[in-house]
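*Asks:* Sharing coords-v9.pdb below, PDB, C-alpha atoms and all ligand atoms:
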```
ATOM      1  CA  GLU A   1      -5.163  46.102 -61.658
ATOM      2  CA  ASP A   2      -2.332  45.916 -64.170
ATOM      3  CA  ILE A   3      -3.113  46.420 -67.833
ATOM      4  CA  LYS A   4      -1.289  43.956 -70.101
ATOM      5  CA  PHE A   5      -2.464  45.274 -73.470
ATOM      6  CA  GLU A   6      -3.734  48.775 -74.103
ATOM      7  CA  VAL A   7      -5.356  48.704 -77.551
ATOM      8  CA  LYS A   8      -6.002  52.095 -79.176
ATOM      9  CA  HIS A   9      -7.772  52.772 -82.469
ATOM     10  CA  LEU A  10      -6.773  49.400 -83.898
ATOM     11  CA  ASN A  11      -7.816  48.829 -87.513
ATOM     12  CA  LEU A  12      -6.909  45.821 -89.618
ATOM     13  CA  TYR A  13      -7.428  45.366 -93.349
ATOM     14  CA  TYR A  14      -7.062  42.221 -95.462
ATOM     15  CA  GLY A  15      -6.537  44.021 -98.781
ATOM     16  CA  ASP A  16      -9.626  46.218 -99.139
ATOM     17  CA  PHE A  17     -11.628  44.328 -96.541
ATOM     18  CA  GLN A  18     -11.621  45.868 -93.062
ATOM     19  CA  ALA A  19     -11.713  43.034 -90.514
ATOM     20  CA  LEU A  20     -11.120  45.108 -87.342
ATOM     21  CA  LYS A  21     -12.728  48.531 -86.888
ATOM     22  CA  ASP A  22     -11.347  51.049 -84.407
ATOM     23  CA  LEU A  23     -10.909  48.661 -81.490
ATOM     24  CA  ASN A  24     -10.217  50.263 -78.105
ATOM     25  CA  ILE A  25      -9.819  47.886 -75.202
ATOM     26  CA  ASN A  26      -7.640  47.318 -72.147
ATOM     27  CA  ILE A  27      -6.784  43.683 -71.421
ATOM     28  CA  LYS A  28      -5.949  43.145 -67.757
ATOM     29  CA  ALA A  29      -2.974  41.103 -66.580
ATOM     30  CA  ASN A  30      -3.446  37.772 -64.809
ATOM     31  CA  ARG A  31      -7.041  37.506 -65.847
ATOM     32  CA  VAL A  32      -8.862  35.458 -68.451
ATOM     33  CA  THR A  33     -10.468  37.544 -71.185
ATOM     34  CA  ALA A  34     -12.955  35.747 -73.437
ATOM     35  CA  LEU A  35     -13.563  36.908 -77.006
ATOM     36  CA  ILE A  36     -17.015  35.881 -78.151
ATOM     37  CA  GLY A  37     -19.317  36.608 -81.087
ATOM     38  CA  PRO A  38     -20.504  34.991 -84.303
ATOM     39  CA  SER A  39     -18.192  33.371 -86.842
ATOM     40  CA  GLY A  40     -16.252  35.756 -89.070
ATOM     41  CA  CYS A  41     -16.525  38.837 -86.833
ATOM     42  CA  GLY A  42     -12.781  39.260 -86.181
ATOM     43  CA  LYS A  43     -12.057  37.393 -82.929
ATOM     44  CA  SER A  44      -9.280  35.258 -84.353
ATOM     45  CA  THR A  45      -7.863  38.190 -86.296
ATOM     46  CA  PHE A  46      -7.696  40.291 -83.132
ATOM     47  CA  LEU A  47      -5.996  37.461 -81.228
ATOM     48  CA  ARG A  48      -3.400  37.153 -83.980
ATOM     49  CA  THR A  49      -2.535  40.859 -83.859
ATOM     50  CA  LEU A  50      -1.451  40.430 -80.216
ATOM     51  CA  ASN A  51       1.569  38.336 -81.236
ATOM     52  CA  ARG A  52       1.760  39.718 -84.778
ATOM     53  CA  MET A  53       1.004  36.423 -86.437
ATOM     54  CA  ASN A  54      -1.018  38.496 -88.908
ATOM     55  CA  ASP A  55       2.252  39.862 -90.260
ATOM     56  CA  LEU A  56       2.545  36.534 -92.046
ATOM     57  CA  VAL A  57      -0.643  37.134 -94.079
ATOM     58  CA  ASP A  58      -0.180  38.712 -97.530
ATOM     59  CA  GLY A  59      -1.760  42.138 -98.011
ATOM     60  CA  VAL A  60      -2.545  42.782 -94.364
ATOM     61  CA  LYS A  61      -2.469  46.381 -93.135
ATOM     62  CA  ILE A  62      -2.712  47.399 -89.498
ATOM     63  CA  THR A  63      -3.079  50.880 -87.981
ATOM     64  CA  GLY A  64      -3.383  52.056 -84.381
ATOM     65  CA  GLU A  65      -1.488  51.015 -81.282
ATOM     66  CA  ILE A  66      -1.198  47.995 -79.034
ATOM     67  CA  ASN A  67       0.833  48.891 -75.971
ATOM     68  CA  MET A  68       2.144  45.901 -74.059
ATOM     69  CA  ASP A  69       3.726  46.932 -70.761
ATOM     70  CA  GLY A  70       4.019  50.433 -72.228
ATOM     71  CA  LYS A  71       5.665  49.461 -75.553
ATOM     72  CA  ASN A  72       3.819  49.607 -78.873
ATOM     73  CA  ILE A  73       4.120  46.072 -80.237
ATOM     74  CA  LEU A  74       2.970  47.259 -83.696
ATOM     75  CA  SER A  75       6.121  49.375 -84.026
ATOM     76  CA  ASP A  76       8.674  48.428 -86.725
ATOM     77  CA  LYS A  77      11.314  48.212 -84.017
ATOM     78  CA  ILE A  78       9.682  45.246 -82.283
ATOM     79  CA  ASN A  79      11.428  41.874 -82.683
ATOM     80  CA  THR A  80       8.473  39.682 -83.622
ATOM     81  CA  ILE A  81      10.315  36.475 -82.732
ATOM     82  CA  ASP A  82      10.779  37.750 -79.153
ATOM     83  CA  LEU A  83       7.175  38.925 -79.113
ATOM     84  CA  ARG A  84       5.907  35.458 -80.080
ATOM     85  CA  THR A  85       7.987  34.000 -77.256
ATOM     86  CA  LYS A  86       6.381  36.360 -74.748
ATOM     87  CA  VAL A  87       2.928  35.934 -76.257
ATOM     88  CA  GLY A  88       2.390  32.211 -76.834
ATOM     89  CA  MET A  89      -0.440  30.674 -78.803
ATOM     90  CA  VAL A  90      -2.561  27.532 -78.678
ATOM     91  CA  PHE A  91      -4.753  26.617 -81.641
ATOM     92  CA  GLN A  92      -8.145  25.009 -82.138
ATOM     93  CA  LYS A  93      -6.738  21.761 -83.425
ATOM     94  CA  PRO A  94      -4.006  20.329 -81.197
ATOM     95  CA  ASN A  95      -0.849  20.413 -83.310
ATOM     96  CA  PRO A  96       1.990  18.554 -81.597
ATOM     97  CA  PHE A  97       5.093  18.058 -83.717
ATOM     98  CA  PRO A  98       5.473  14.443 -84.960
ATOM     99  CA  MET A  99       8.228  13.704 -82.451
ATOM    100  CA  SER A 100       8.513  12.511 -78.874
ATOM    101  CA  ILE A 101       6.653  14.168 -76.010
ATOM    102  CA  TYR A 102      10.007  15.261 -74.579
ATOM    103  CA  ASP A 103      11.229  16.754 -77.866
ATOM    104  CA  ASN A 104       7.966  18.673 -78.356
ATOM    105  CA  ILE A 105       8.599  20.592 -75.136
ATOM    106  CA  ALA A 106      12.370  20.875 -75.588
ATOM    107  CA  TYR A 107      12.055  22.125 -79.179
ATOM    108  CA  GLY A 108      11.534  25.821 -78.355
ATOM    109  CA  PRO A 109      14.188  26.072 -75.627
ATOM    110  CA  ARG A 110      16.646  24.228 -77.939
ATOM    111  CA  CYS A 111      15.929  26.789 -80.682
ATOM    112  CA  GLN A 112      16.803  29.451 -78.116
ATOM    113  CA  GLY A 113      20.173  27.763 -77.578
ATOM    114  CA  VAL A 114      19.571  25.689 -74.444
ATOM    115  CA  LYS A 115      21.780  22.578 -74.808
ATOM    116  CA  ASP A 116      22.331  21.391 -71.236
ATOM    117  CA  LYS A 117      20.412  18.125 -70.791
ATOM    118  CA  LYS A 118      19.754  18.793 -67.106
ATOM    119  CA  ILE A 119      18.245  22.210 -67.813
ATOM    120  CA  LEU A 120      16.126  20.780 -70.638
ATOM    121  CA  ASP A 121      14.939  17.966 -68.326
ATOM    122  CA  GLU A 122      13.874  20.593 -65.783
ATOM    123  CA  ILE A 123      12.027  22.669 -68.367
ATOM    124  CA  VAL A 124      10.224  19.570 -69.704
ATOM    125  CA  GLU A 125       9.172  18.454 -66.235
ATOM    126  CA  SER A 126       8.058  21.870 -64.965
ATOM    127  CA  SER A 127       6.164  22.682 -68.191
ATOM    128  CA  LEU A 128       4.350  19.337 -68.184
ATOM    129  CA  LYS A 129       3.503  19.796 -64.496
ATOM    130  CA  ALA A 130       2.183  23.297 -65.166
ATOM    131  CA  ALA A 131      -0.061  21.877 -67.895
ATOM    132  CA  ALA A 132      -1.356  19.106 -65.581
ATOM    133  CA  LEU A 133       0.135  16.466 -67.859
ATOM    134  CA  TRP A 134       3.196  15.209 -65.981
ATOM    135  CA  ASP A 135       1.501  12.326 -64.180
ATOM    136  CA  ASP A 136      -0.065  11.133 -67.446
ATOM    137  CA  VAL A 137       3.171  11.040 -69.429
ATOM    138  CA  LYS A 138       6.204  10.878 -67.128
ATOM    139  CA  ASP A 139       6.770   7.202 -67.938
ATOM    140  CA  ARG A 140       6.573   7.649 -71.704
ATOM    141  CA  LEU A 141       8.371  10.882 -72.501
ATOM    142  CA  ASN A 142      10.095   9.209 -75.445
ATOM    143  CA  LYS A 143       6.852   8.072 -77.068
ATOM    144  CA  ASN A 144       5.531   9.920 -80.095
ATOM    145  CA  ALA A 145       3.203  12.764 -79.109
ATOM    146  CA  LEU A 146       0.769  11.822 -81.887
ATOM    147  CA  GLY A 147      -0.168   8.705 -79.897
ATOM    148  CA  MET A 148      -1.753  10.782 -77.147
ATOM    149  CA  SER A 149      -5.477  11.524 -76.809
ATOM    150  CA  GLY A 150      -6.777  14.821 -78.182
ATOM    151  CA  GLY A 151      -7.066  16.352 -74.731
ATOM    152  CA  GLN A 152      -3.540  15.288 -73.802
ATOM    153  CA  GLN A 153      -2.255  16.672 -77.107
ATOM    154  CA  GLN A 154      -3.870  20.026 -76.363
ATOM    155  CA  ARG A 155      -2.341  20.116 -72.878
ATOM    156  CA  LEU A 156       0.995  19.269 -74.512
ATOM    157  CA  CYS A 157       0.565  22.293 -76.782
ATOM    158  CA  ILE A 158      -0.106  24.419 -73.699
ATOM    159  CA  ALA A 159       3.026  22.946 -72.051
ATOM    160  CA  ARG A 160       4.993  23.721 -75.215
ATOM    161  CA  ALA A 161       3.912  27.366 -74.966
ATOM    162  CA  ILE A 162       4.765  27.435 -71.239
ATOM    163  CA  ALA A 163       8.279  26.097 -71.936
ATOM    164  CA  MET A 164       9.028  29.397 -73.688
ATOM    165  CA  LYS A 165       8.347  31.309 -70.438
ATOM    166  CA  PRO A 166       5.572  33.450 -71.897
ATOM    167  CA  GLU A 167       3.710  36.284 -70.162
ATOM    168  CA  VAL A 168       0.561  35.829 -72.222
ATOM    169  CA  ILE A 169      -1.118  32.731 -73.649
ATOM    170  CA  LEU A 170      -3.538  33.182 -76.555
ATOM    171  CA  MET A 171      -6.033  30.369 -77.089
ATOM    172  CA  ASP A 172      -8.084  30.152 -80.289
ATOM    173  CA  GLU A 173     -11.064  27.900 -79.553
ATOM    174  CA  PRO A 174      -8.799  25.495 -77.653
ATOM    175  CA  THR A 175     -11.544  23.014 -76.783
ATOM    176  CA  SER A 176     -13.768  22.913 -79.850
ATOM    177  CA  ALA A 177     -12.033  19.758 -81.131
ATOM    178  CA  LEU A 178     -12.276  18.035 -77.712
ATOM    179  CA  ASP A 179     -14.825  15.909 -75.882
ATOM    180  CA  PRO A 180     -16.593  17.261 -72.760
ATOM    181  CA  ILE A 181     -14.229  15.630 -70.255
ATOM    182  CA  ALA A 182     -11.094  16.878 -72.006
ATOM    183  CA  THR A 183     -12.773  20.282 -72.300
ATOM    184  CA  GLN A 184     -13.406  20.399 -68.567
ATOM    185  CA  LYS A 185      -9.766  19.571 -67.876
ATOM    186  CA  ILE A 186      -8.587  22.425 -70.097
ATOM    187  CA  GLU A 187     -11.027  24.804 -68.414
ATOM    188  CA  GLU A 188      -9.723  23.794 -64.972
ATOM    189  CA  LEU A 189      -6.186  24.289 -66.231
ATOM    190  CA  ILE A 190      -6.979  27.784 -67.531
ATOM    191  CA  ASP A 191      -8.276  28.689 -64.088
ATOM    192  CA  ILE A 192      -4.959  27.653 -62.518
ATOM    193  CA  LEU A 193      -2.765  29.243 -65.211
ATOM    194  CA  LYS A 194      -4.223  32.731 -64.835
ATOM    195  CA  LYS A 195      -2.252  33.185 -61.598
ATOM    196  CA  ASP A 196       0.929  33.205 -63.682
ATOM    197  CA  TYR A 197      -0.197  34.267 -67.154
ATOM    198  CA  THR A 198      -2.539  36.653 -68.897
ATOM    199  CA  ILE A 199      -4.919  34.546 -70.955
ATOM    200  CA  LEU A 200      -7.145  35.406 -73.905
ATOM    201  CA  ILE A 201      -9.525  32.766 -75.205
ATOM    202  CA  VAL A 202     -11.643  32.833 -78.349
ATOM    203  CA  THR A 203     -14.750  30.749 -77.889
ATOM    204  CA  HIS A 204     -18.008  30.125 -79.741
ATOM    205  CA  SER A 205     -19.597  29.097 -76.468
ATOM    206  CA  MET A 206     -21.231  31.622 -74.141
ATOM    207  CA  GLN A 207     -21.325  28.887 -71.494
ATOM    208  CA  GLN A 208     -17.587  28.441 -71.758
ATOM    209  CA  ALA A 209     -16.990  32.201 -71.568
ATOM    210  CA  SER A 210     -19.115  32.412 -68.443
ATOM    211  CA  ARG A 211     -17.286  29.449 -66.888
ATOM    212  CA  VAL A 212     -13.667  30.414 -67.558
ATOM    213  CA  SER A 213     -13.382  34.162 -68.057
ATOM    214  CA  ASP A 214     -13.147  37.204 -65.817
ATOM    215  CA  ASP A 215     -13.826  39.680 -68.630
ATOM    216  CA  THR A 216     -15.709  39.240 -71.886
ATOM    217  CA  ALA A 217     -15.420  41.164 -75.146
ATOM    218  CA  PHE A 218     -18.319  40.703 -77.552
ATOM    219  CA  PHE A 219     -17.356  41.077 -81.226
ATOM    220  CA  LEU A 220     -19.749  41.906 -84.045
ATOM    221  CA  LEU A 221     -18.698  42.619 -87.670
ATOM    222  CA  GLY A 222     -15.166  43.663 -86.714
ATOM    223  CA  GLU A 223     -16.155  45.832 -83.772
ATOM    224  CA  ILE A 224     -16.181  45.275 -80.026
ATOM    225  CA  VAL A 225     -19.759  46.058 -79.134
ATOM    226  CA  GLU A 226     -19.513  45.199 -75.444
ATOM    227  CA  PHE A 227     -16.655  44.763 -73.004
ATOM    228  CA  ASP A 228     -17.168  44.249 -69.303
ATOM    229  CA  SER A 229     -16.629  41.824 -66.469
ATOM    230  CA  THR A 230     -18.099  38.468 -67.414
ATOM    231  CA  LEU A 231     -20.406  38.673 -64.425
ATOM    232  CA  ASN A 232     -21.928  41.920 -65.707
ATOM    233  CA  ILE A 233     -22.142  40.704 -69.315
ATOM    234  CA  PHE A 234     -24.060  37.575 -68.420
ATOM    235  CA  SER A 235     -26.325  39.095 -65.800
ATOM    236  CA  ASN A 236     -27.650  41.701 -68.267
ATOM    237  CA  PRO A 237     -31.345  41.156 -68.884
TER     238      PRO A 237
HETATM  239  P1  LIG A 301     -13.696  34.912 -86.277
HETATM  240  O1  LIG A 301     -12.453  34.515 -85.547
HETATM  241  O2  LIG A 301     -14.568  35.826 -85.470
HETATM  242  O3  LIG A 301     -14.444  33.743 -86.838
HETATM  243  P2  LIG A 301     -11.842  35.900 -88.272
HETATM  244  O4  LIG A 301     -10.956  36.841 -87.533
HETATM  245  O5  LIG A 301     -11.332  34.531 -88.568
HETATM  246  O6  LIG A 301     -13.242  35.830 -87.515
HETATM  247  O7  LIG A 301     -12.256  36.568 -89.638
HETATM  248  C1  LIG A 301     -12.758  37.903 -89.703
HETATM  249  C2  LIG A 301     -13.040  38.249 -91.153
HETATM  250  O8  LIG A 301     -11.797  38.372 -91.843
HETATM  251  C3  LIG A 301     -13.833  37.188 -91.881
HETATM  252  O9  LIG A 301     -14.701  37.866 -92.783
HETATM  253  C4  LIG A 301     -12.776  36.401 -92.651
HETATM  254  O10 LIG A 301     -13.277  35.838 -93.826
HETATM  255  C5  LIG A 301     -11.746  37.470 -92.939
HETATM  256  N1  LIG A 301     -10.393  36.911 -93.013
HETATM  257  C6  LIG A 301      -9.777  36.184 -92.057
HETATM  258  N2  LIG A 301      -8.540  35.839 -92.440
HETATM  259  C7  LIG A 301      -8.363  36.365 -93.675
HETATM  260  C8  LIG A 301      -7.283  36.378 -94.596
HETATM  261  N3  LIG A 301      -6.144  35.754 -94.350
HETATM  262  N4  LIG A 301      -7.473  37.018 -95.766
HETATM  263  C9  LIG A 301      -8.638  37.639 -96.028
HETATM  264  N5  LIG A 301      -9.686  37.689 -95.203
HETATM  265  C10 LIG A 301      -9.557  37.054 -94.029
HETATM  266  P1  LIG A 302     -11.861  30.011 -87.936
HETATM  267  O1  LIG A 302     -13.320  30.268 -88.211
HETATM  268  O2  LIG A 302     -11.603  28.824 -87.083
HETATM  269  O3  LIG A 302     -11.141  31.260 -87.484
HETATM  270  P2  LIG A 302     -11.530  29.994 -90.789
HETATM  271  O4  LIG A 302     -12.008  28.752 -91.419
HETATM  272  O5  LIG A 302     -12.324  31.250 -90.802
HETATM  273  O6  LIG A 302     -11.146  29.607 -89.302
HETATM  274  O7  LIG A 302     -10.091  30.373 -91.364
HETATM  275  C1  LIG A 302      -9.100  29.408 -91.541
HETATM  276  C2  LIG A 302      -7.898  30.061 -92.182
HETATM  277  O8  LIG A 302      -8.259  30.698 -93.422
HETATM  278  C3  LIG A 302      -7.299  31.181 -91.325
HETATM  279  O9  LIG A 302      -5.895  31.136 -91.438
HETATM  280  C4  LIG A 302      -7.826  32.463 -91.918
HETATM  281  O10 LIG A 302      -6.913  33.537 -91.717
HETATM  282  C5  LIG A 302      -7.943  32.102 -93.383
HETATM  283  N1  LIG A 302      -9.070  32.824 -94.011
HETATM  284  C6  LIG A 302     -10.303  33.004 -93.515
HETATM  285  N2  LIG A 302     -11.062  33.742 -94.329
HETATM  286  C7  LIG A 302     -10.290  34.036 -95.391
HETATM  287  C8  LIG A 302     -10.494  34.759 -96.600
HETATM  288  N3  LIG A 302     -11.667  35.377 -96.852
HETATM  289  N4  LIG A 302      -9.483  34.831 -97.467
HETATM  290  C9  LIG A 302      -8.314  34.246 -97.196
HETATM  291  N5  LIG A 302      -8.050  33.535 -96.086
HETATM  292  C10 LIG A 302      -9.016  33.435 -95.185
END
```
Any chance you could give the structure as structure tokens?
*Replies:*
Amino acid sequence: EDIKFEVKHLNLYYGDFQALKDLNINIKANRVTALIGPSGCGKSTFLRTLNRMNDLVDGVKITGEINMDGKNILSDKINTIDLRTKVGMVFQKPNPFPMSIYDNIAYGPRCQGVKDKKILDEIVESSLKAAALWDDVKDRLNKNALGMSGGQQQRLCIARAIAMKPEVILMDEPTSALDPIATQKIEELIDILKKDYTILIVTHSMQQASRVSDDTAFFLLGEIVEFDSTLNIFSNP
């Protein structure tokens, strides 16, 4: 099995407060890894170190290594814009841009310099198909994305990440703002996406972790106290 992220002696401080304590973990490629544990124990913080979104927080200090395909992504030499393209992110609250469905998907590729309408059309269609949203929206691509249901908005955010051709998709409680049916759709989608992407999902729900993940890391007070296949974690007496 391929390792996507090799995390070694990772520590993270917000000022004087240590939020991550000597994390050592290998995240496998093309699998779903769930991060579970009580609120405030560092799950979200860990997720955000994997695409260096934490760099944007004032007073943050990070030590240790995160090797992605053999390269330390914490190195000063890493281009964080490229990294965030390779390691996409989906948030708890769906956050489509207040523009058309089409423009939401085309936004990232356009920022990367894609101008050709035919190529953009292809990216929009393939990304929406990959996020199981194409059939829902193909007749109203020019409608404002904010008019969609919450579940559709979240799948749009997944499609927007996919349009950047990522290798990894980070999901921070992607269903906690959604109803059960929309949640089930996202969970089914995650199961399909893991063939092509490495997925990490923060969840408050043990049930969700056991449904969607292959591996589970249990966080407690900034440490990973257990990491194993989800099957082993949930069959422990
Ligand atoms: P979880 O995702 O498990 O709920 P977080 O990673 O959000 O936990 O937070 C871990 C700890 O770090 C918490 O004590 C939280 O208050 C603290 N924390 C998170 N973000 C910041 C920040 N920007 N500045 C200072 N402390 C923070
Ligand atoms: P969640 O539990 O969903 O991770 P939080 O409500 O803990 O969200 O955090 C929301 C935002 O506030 C995040 O951007 C987080 O980094 C920031 N934050 C959390 N705790 C602190 C803190 N103690 N000081 C400063 N910012 C914080």
*Asks:* Take the PyMOL selection byres (((not hetatm)) within 12 of (chain A and resi 302)), apply it to the structure above, and return the hits as a PyMOL selection string.
*Replies:* chain A and resi 13-19+36-49+53-60+91-93+171-177+202-204
*Asks:* Go ahead and compute the interatomic distance for CA of Tyr197 (chain A) and CA of Trp134 (chain A), in Å to one decimal.
*Replies:*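 Computing the Euclidean distance for CA of Tyr197 (chain A) and CA of Trp134 (chain A) yields 19.4 Å.
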*Asks:* Let me know the residues the PyMOL selection byres (((chain A and resi 162) around 10) and not hetatm) catches in the file above, as a list of chain:residue names.
*Replies:*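 This file gives the following for the PyMOL selection byres (((chain A and resi 162) around 10) and not hetatm): A:Thr85, A:Lys86, A:Gly88, A:Met89, A:Ile105, A:Gly108, A:Ile123, A:Val124, A:Ser126, A:Ser127, A:Leu128, A:Ala130, A:Ala131, A:Leu156, A:Cys157, A:Ile158, A:Ala159, A:Arg160, A:Ala161, A:Ala163, A:Met164, A:Lys165, A:Pro166, A:Glu167, A:Val168, A:Ile169, A:Leu193, A:Tyr197.
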*Asks:* Would you work out the distance separating CA of Leu178 (chain A) from CA of Arg84 (chain A), expressed in Å to one decimal?
*Replies:*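 Separating CA of Leu178 (chain A) from CA of Arg84 (chain A) is a distance of 25.3 Å.
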*Asks:* Fewer than 6 positions away in the same chain doesn't count, so skip those; otherwise give me all residues within 8 Å of Arg52 (chain A), counting only C-alpha atoms, as a list in words.
*Replies:*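 Once the nearby chain positions are removed, what remains is Leu74, Thr80, Leu83 and Arg84 of chain A.
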*Asks:* Mind listing as an MDAnalysis selection string all residues within 10 Å of (16.9, 20.8, -71.4), counting all atoms listed in the file?
*Replies:* chainID A and resid 102:103 105:107 109:110 113:125
*Asks:* Would you mind exporting C-alpha atoms of the selected residues as a PDB file, keeping the file's coordinate frame?
*Replies:*
```pdb
ATOM      1  CA  TYR A 102      10.007  15.261 -74.579  1.00  0.00           C
ATOM      2  CA  ASP A 103      11.229  16.754 -77.866  1.00  0.00           C
ATOM      3  CA  ILE A 105       8.599  20.592 -75.136  1.00  0.00           C
ATOM      4  CA  ALA A 106      12.370  20.875 -75.588  1.00  0.00           C
ATOM      5  CA  TYR A 107      12.055  22.125 -79.179  1.00  0.00           C
ATOM      6  CA  PRO A 109      14.188  26.072 -75.627  1.00  0.00           C
ATOM      7  CA  ARG A 110      16.646  24.228 -77.939  1.00  0.00           C
ATOM      8  CA  GLY A 113      20.173  27.763 -77.578  1.00  0.00           C
ATOM      9  CA  VAL A 114      19.571  25.689 -74.444  1.00  0.00           C
ATOM     10  CA  LYS A 115      21.780  22.578 -74.808  1.00  0.00           C
ATOM     11  CA  ASP A 116      22.331  21.391 -71.236  1.00  0.00           C
ATOM     12  CA  LYS A 117      20.412  18.125 -70.791  1.00  0.00           C
ATOM     13  CA  LYS A 118      19.754  18.793 -67.106  1.00  0.00           C
ATOM     14  CA  ILE A 119      18.245  22.210 -67.813  1.00  0.00           C
ATOM     15  CA  LEU A 120      16.126  20.780 -70.638  1.00  0.00           C
ATOM     16  CA  ASP A 121      14.939  17.966 -68.326  1.00  0.00           C
ATOM     17  CA  GLU A 122      13.874  20.593 -65.783  1.00  0.00           C
ATOM     18  CA  ILE A 123      12.027  22.669 -68.367  1.00  0.00           C
ATOM     19  CA  VAL A 124      10.224  19.570 -69.704  1.00  0.00           C
ATOM     20  CA  GLU A 125       9.172  18.454 -66.235  1.00  0.00           C
TER      21      GLU A 125
END
```
*Asks:* Starting from 8 Å padding per side, set up an axis-aligned box that covers all listed atoms of ligand LIG 301 (chain A) and hand over centre and edge lengths in Å, one decimal, as lines of an AutoDock Vina configuration file.
*Replies:*
```
center_x = -10.4
center_y = 36.1
center_z = -90.7
size_x = 24.6
size_y = 20.6
size_z = 26.6
```
*Asks:* Please expand the PyMOL selection byres (((chain A and resi 195) around 12) and not hetatm) into the concrete residues it hits in this file, giving the result as a ChimeraX atom specification.
*Replies:* /A:29-32,130,167-168,189-194,196-199
*Asks:* Give me the residues within 10 Å of Asn11 (chain A) as a VMD selection string, counting all atoms listed in the file and dropping any in the same chain fewer than 5 places off.
*Replies:* chain A and resid 18 to 24 46 61 to 65 222 to 223
*Asks:* Using C-alpha atoms, can you write the selected residues to a file as an mmCIF file, in the coordinates of the input?
*Replies:*
```cif
data_model
loop_
_atom_site.group_PDB
_atom_site.id
_atom_site.type_symbol
_atom_site.label_atom_id
_atom_site.label_comp_id
_atom_site.auth_asym_id
_atom_site.auth_seq_id
_atom_site.Cartn_x
_atom_site.Cartn_y
_atom_site.Cartn_z
ATOM 1 C CA GLN A 18 -11.621 45.868 -93.062
ATOM 2 C CA ALA A 19 -11.713 43.034 -90.514
ATOM 3 C CA LEU A 20 -11.120 45.108 -87.342
ATOM 4 C CA LYS A 21 -12.728 48.531 -86.888
ATOM 5 C CA ASP A 22 -11.347 51.049 -84.407
ATOM 6 C CA LEU A 23 -10.909 48.661 -81.490
ATOM 7 C CA ASN A 24 -10.217 50.263 -78.105
ATOM 8 C CA PHE A 46 -7.696 40.291 -83.132
ATOM 9 C CA LYS A 61 -2.469 46.381 -93.135
ATOM 10 C CA ILE A 62 -2.712 47.399 -89.498
ATOM 11 C CA THR A 63 -3.079 50.880 -87.981
ATOM 12 C CA GLY A 64 -3.383 52.056 -84.381
ATOM 13 C CA GLU A 65 -1.488 51.015 -81.282
ATOM 14 C CA GLY A 222 -15.166 43.663 -86.714
ATOM 15 C CA GLU A 223 -16.155 45.832 -83.772
#
```
*Asks:* With distances taken over all atoms listed in the file, which residue among A:Ser229, A:Gln152, A:Thr183, A:Ser100 lies nearest Lys28 (chain A)?
*Replies:*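 Smallest distance to Lys28 (chain A) is found for A:Ser229.
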*Asks:* Tell me, as a list of chain:residue names, which residues lie within 8 Å of Asn26 (chain A), counting only C-alpha atoms; anything in the same chain fewer than 3 positions away does not count.
*Replies:*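 That gives A:Ile3, A:Lys4, A:Phe5, A:Glu6, A:Val7.
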*Asks:* Select, from A:Leu221, A:Gly151, A:Leu146, A:Ala34, the residue with the minimum atom-to-atom distance to ligand LIG 301 (chain A), counting all atoms listed in the file.
*Replies:*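 Among the listed residues, A:Leu221 lies closest to ligand LIG 301 (chain A).
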*Asks:* Rank nothing, just name the residue among A:Gln207, A:His9, A:Val87, A:Ile27 nearest to Asp228 (chain A), using all atoms listed in the file.
*Replies:*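 Going through A:Gln207, A:His9, A:Val87, A:Ile27 one by one, the smallest distance to Asp228 (chain A) is for A:Ile27.
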*Asks:* Take CA of Leu35 (chain A) and CA of Leu231 (chain A) and report the distance between them in Å, one decimal.
*Replies:*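 Separation between CA of Leu35 (chain A) and CA of Leu231 (chain A): 14.4 Å.
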*Asks:* A:Ile201, A:Val90, A:Ile181, A:Val212: which is nearest ligand LIG 301 (chain A), counting all atoms listed in the file?
*Replies:*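 Closest residue, counting all atoms listed in the file: A:Ile201.
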*Asks:* Give the answer as one residue: which of A:Leu12, A:Leu170, A:Glu1, A:Gly70 has the shortest atom-to-atom distance to ligand LIG 301 (chain A), using all atoms listed in the file?
*Replies:*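 Result for the nearest residue to ligand LIG 301 (chain A): A:Leu12.
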*Asks:* Take the point (-13.1, 46.1, -74.1) in the file's coordinates, draw a sphere of radius 6 Å around it, and report as a list in words every protein, DNA or RNA residue with an atom inside or on it, counting all atoms listed in the file.
*Replies:*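 Here is the list of nearby residues: Ile25, Asn26, Ala217 and Phe227 of chain A.
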*Asks:* Go through A:Val225, A:Met99, A:Ile66, A:Leu50 and flag the residue nearest Leu10 (chain A), using only C-alpha atoms for the distances.
*Replies:*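 Nearest to Leu10 (chain A): A:Ile66.
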*Asks:* With C-alpha atoms as the atom set, please write region 27-44 of chain A from the structure just given, as a compact mmCIF listing (two decimals), in the first residue's frame.
*Replies:*
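The result, written out as result_24.txt:
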```txt
# COMPACT_ATOMS: atom_id res chain seq x y z
CA ILE A 27 -1.84 8.10 5.89
CA LYS A 28 -2.38 5.60 3.09
CA ALA A 29 -3.17 6.62 -0.48
CA ASN A 30 -6.57 5.92 -2.02
CA ARG A 31 -8.15 5.19 1.30
CA VAL A 32 -10.47 7.13 3.57
CA THR A 33 -8.93 8.03 6.92
CA ALA A 34 -11.33 9.29 9.59
CA LEU A 35 -10.15 11.63 12.34
CA ILE A 36 -12.35 11.29 15.40
CA GLY A 37 -12.30 12.45 19.02
CA PRO A 38 -13.92 15.06 21.24
CA SER A 39 -14.20 18.73 20.33
CA GLY A 40 -11.03 20.78 20.69
CA CYS A 41 -8.56 17.87 20.57
CA GLY A 42 -6.74 18.94 17.38
CA LYS A 43 -8.49 17.12 14.51
CA SER A 44 -9.17 20.24 12.48
```
